Amino acid sequence: MGELVLLRCVRAEKIKIRHSMVWLFFLIVPILPAIMGTGNYMMNREVLQSEWYSLWTQHTLFYSNFFYGPLIGIYCSYLWRLEHLNYNWNHCMTAPVPVECVFLSKLVQVFKMTLLTQLWTWFLYFLCGKYAGLPGLPPINMLFWLIRGACGGMAAASLQLVLSMKIRSFALPVGIGLAGSIGGLLLSNGGFGLFWPYSLMMLGMNANKYNDVLSSQLIRFALSCAVFVCLFSYMGIRILKRQDVKAA
C-alpha cells in the first residue's frame, strides 16, 4: 500500500514540473560549462594532448565545481517552491498522504532530473568533442563516471531538499549549493571528499582527472552516498512530522 502511495506521489511531482521553467535551466545551464571547457581545451591543446580525456578534464572542471551543485539546488528549490506558494503547503500537509511519501517522491523526482541532466551533459560533451575535431567516440567509462556522478549528486540533493523545505527563498538554497560545491572542491583536494556530500558529485564524475580516483574506493563511495541520502532524508521526514512550515 505504501509503495502505491509513493508511486502516486512521484507521478504528481512529475505532473507539477511537466511544463515548468525548470526545464529551461535543465537545457541551458549545462551548455555554459560545455562552452567554457571546450574553449579552454582548444586554447591549450599544445599542453592538453590526451584528446577526449583532456577535454573531459576541462569540461568537468567548470561543470562539477560551479554548475552541477547549483543546478541541483534549482531543482530542489522549485519542487518545494510550489508548496510554499498560494497556501499549497496547507493542502499538502492535510492530504491523506504519509509525509514520508511527500519527501521521498521529491527525492525520486530530483534523481530522475539529475540523471537526465547527466545524460544531456554526455551529449554536449560528445558534440563539443566533435567540434574540437576529436576522432571517434568518447571512452565509454566517461558515461559511467557521469552516472556515478548522478549517484553522488543525490547526497547533495537530499540535503538541498531539506534546505529548500525550510527556506522559502528560491535563490538562497541555490547559493548554498554553489558554496557547498566550492567547499567540496577544497575538501576533495585535501583528501576528505568522501565526508562531504557536495564532494561526492565531483568524485563520482572523476572531475578534472585523467585516471579514475575511485577505482579502489567504489564501495566506500557507494556507502558514503547511501549514508548521506539516508541521513538527510531522515532529517527531512522528521522535520515534516514535527514542524509546520508556514506557506507564503
# chains A, B, ... in the order shown; residues from 1 in each chain; ligands from 1
call {"tool": "closest_atom_pairs", "arguments": {"of": "range 55-78 of chain A", "to": "range 120-125 of chain A", "cutoff": "12 Å", "atoms": "only C-alpha atoms", "output": "JSON lines"}}
result
{"residue": "A:Leu55", "atom": "CA", "partner": "A:Tyr125", "partner_atom": "CA", "distance": 8.2}
{"residue": "A:Trp56", "atom": "CA", "partner": "A:Tyr125", "partner_atom": "CA", "distance": 7.7}
{"residue": "A:Thr57", "atom": "CA", "partner": "A:Tyr125", "partner_atom": "CA", "distance": 11.1}
{"residue": "A:Gln58", "atom": "CA", "partner": "A:Tyr125", "partner_atom": "CA", "distance": 10.5}
{"residue": "A:His59", "atom": "CA", "partner": "A:Tyr125", "partner_atom": "CA", "distance": 7.5}
{"residue": "A:Thr60", "atom": "CA", "partner": "A:Tyr125", "partner_atom": "CA", "distance": 9.6}
{"residue": "A:Tyr63", "atom": "CA", "partner": "A:Thr121", "partner_atom": "CA", "distance": 9.0}
{"residue": "A:Ser64", "atom": "CA", "partner": "A:Thr121", "partner_atom": "CA", "distance": 10.8}
{"residue": "A:Phe67", "atom": "CA", "partner": "A:Thr121", "partner_atom": "CA", "distance": 11.4}
{"residue": "A:Tyr68", "atom": "CA", "partner": "A:Thr121", "partner_atom": "CA", "distance": 10.2}
call {"tool": "residues_around", "arguments": {"residues": "Gly180 in chain A", "least_positions_apart": "6", "cutoff": "12 Å", "atoms": "only C-alpha atoms", "output": "list in words"}}
result
Ser64, Asn65, Phe66, Phe67, Tyr68, Gly69, Pro70, Ile72, Gly73, Gly153, Ala155, Ala156, Ala157, Leu159, Gln160, Pro173, Val174, Leu186, Leu187, Ser188, Gly193, Trp196, Pro197, Tyr198, Ser199, Leu200, Met201 and Met202 of chain A
call {"tool": "atom_distance", "arguments": {"atom1": "CA of His19 in chain A", "atom2": "CA of Leu79 in chain A"}}
result
13.0 Å
call {"tool": "atom_distance", "arguments": {"atom1": "CA of Gln217 in chain A", "atom2": "CA of Thr114 in chain A"}}
result
22.8 Å
call {"tool": "residues_around", "arguments": {"residues": "Lys106 in chain A", "least_positions_apart": "2", "cutoff": "8 Å", "atoms": "only C-alpha atoms", "output": "PyMOL selection string"}}
result
chain A and resi 10+13+76+79+102-104+108-110+161
call {"tool": "residues_around", "arguments": {"residues": "range 133-146 of chain A", "least_positions_apart": "6", "cutoff": "8 Å", "atoms": "only C-alpha atoms", "output": "short mmCIF file (atom, residue, chain, number, x, y, z; two decimals) with N, CA and C atoms, in the first residue's frame"}}
result
data_model
loop_
_atom_site.label_atom_id
_atom_site.label_comp_id
_atom_site.auth_asym_id
_atom_site.auth_seq_id
_atom_site.Cartn_x
_atom_site.Cartn_y
_atom_site.Cartn_z
N GLU A 51 43.41 14.11 -25.88
CA GLU A 51 42.17 14.12 -26.66
C GLU A 51 40.93 14.10 -25.78
N TRP A 52 40.14 13.03 -25.85
CA TRP A 52 38.87 13.01 -25.12
C TRP A 52 39.07 13.16 -23.62
N GLN A 118 22.71 14.52 -16.46
CA GLN A 118 24.00 13.89 -16.75
C GLN A 118 24.04 13.33 -18.17
N LEU A 119 22.94 12.77 -18.61
CA LEU A 119 22.89 12.27 -19.99
C LEU A 119 22.95 13.42 -21.00
N TRP A 122 26.46 14.44 -21.16
CA TRP A 122 27.22 13.50 -22.00
C TRP A 122 27.05 13.84 -23.48
N PHE A 126 29.99 15.06 -26.11
CA PHE A 126 30.23 14.43 -27.40
C PHE A 126 30.24 15.47 -28.53
N GLY A 204 32.48 11.27 -8.04
CA GLY A 204 31.77 10.33 -8.89
C GLY A 204 32.06 10.56 -10.36
N MET A 205 32.15 11.81 -10.76
CA MET A 205 32.41 12.15 -12.16
C MET A 205 33.89 12.12 -12.51
N ASN A 206 34.75 11.88 -11.50
CA ASN A 206 36.19 11.92 -11.75
C ASN A 206 36.57 13.27 -12.36
#
call {"tool": "residues_around", "arguments": {"residues": "Ala226 in chain A", "least_positions_apart": "5", "cutoff": "9 Å", "atoms": "only C-alpha atoms", "output": "PyMOL selection string"}}
result
chain A and resi 154-155+221+231
call {"tool": "closest_residue", "arguments": {"among": "A:Ala222, A:Ala179, A:Ile15, A:Leu71", "to": "Ile28 in chain A", "atoms": "only C-alpha atoms"}}
result
A:Leu71
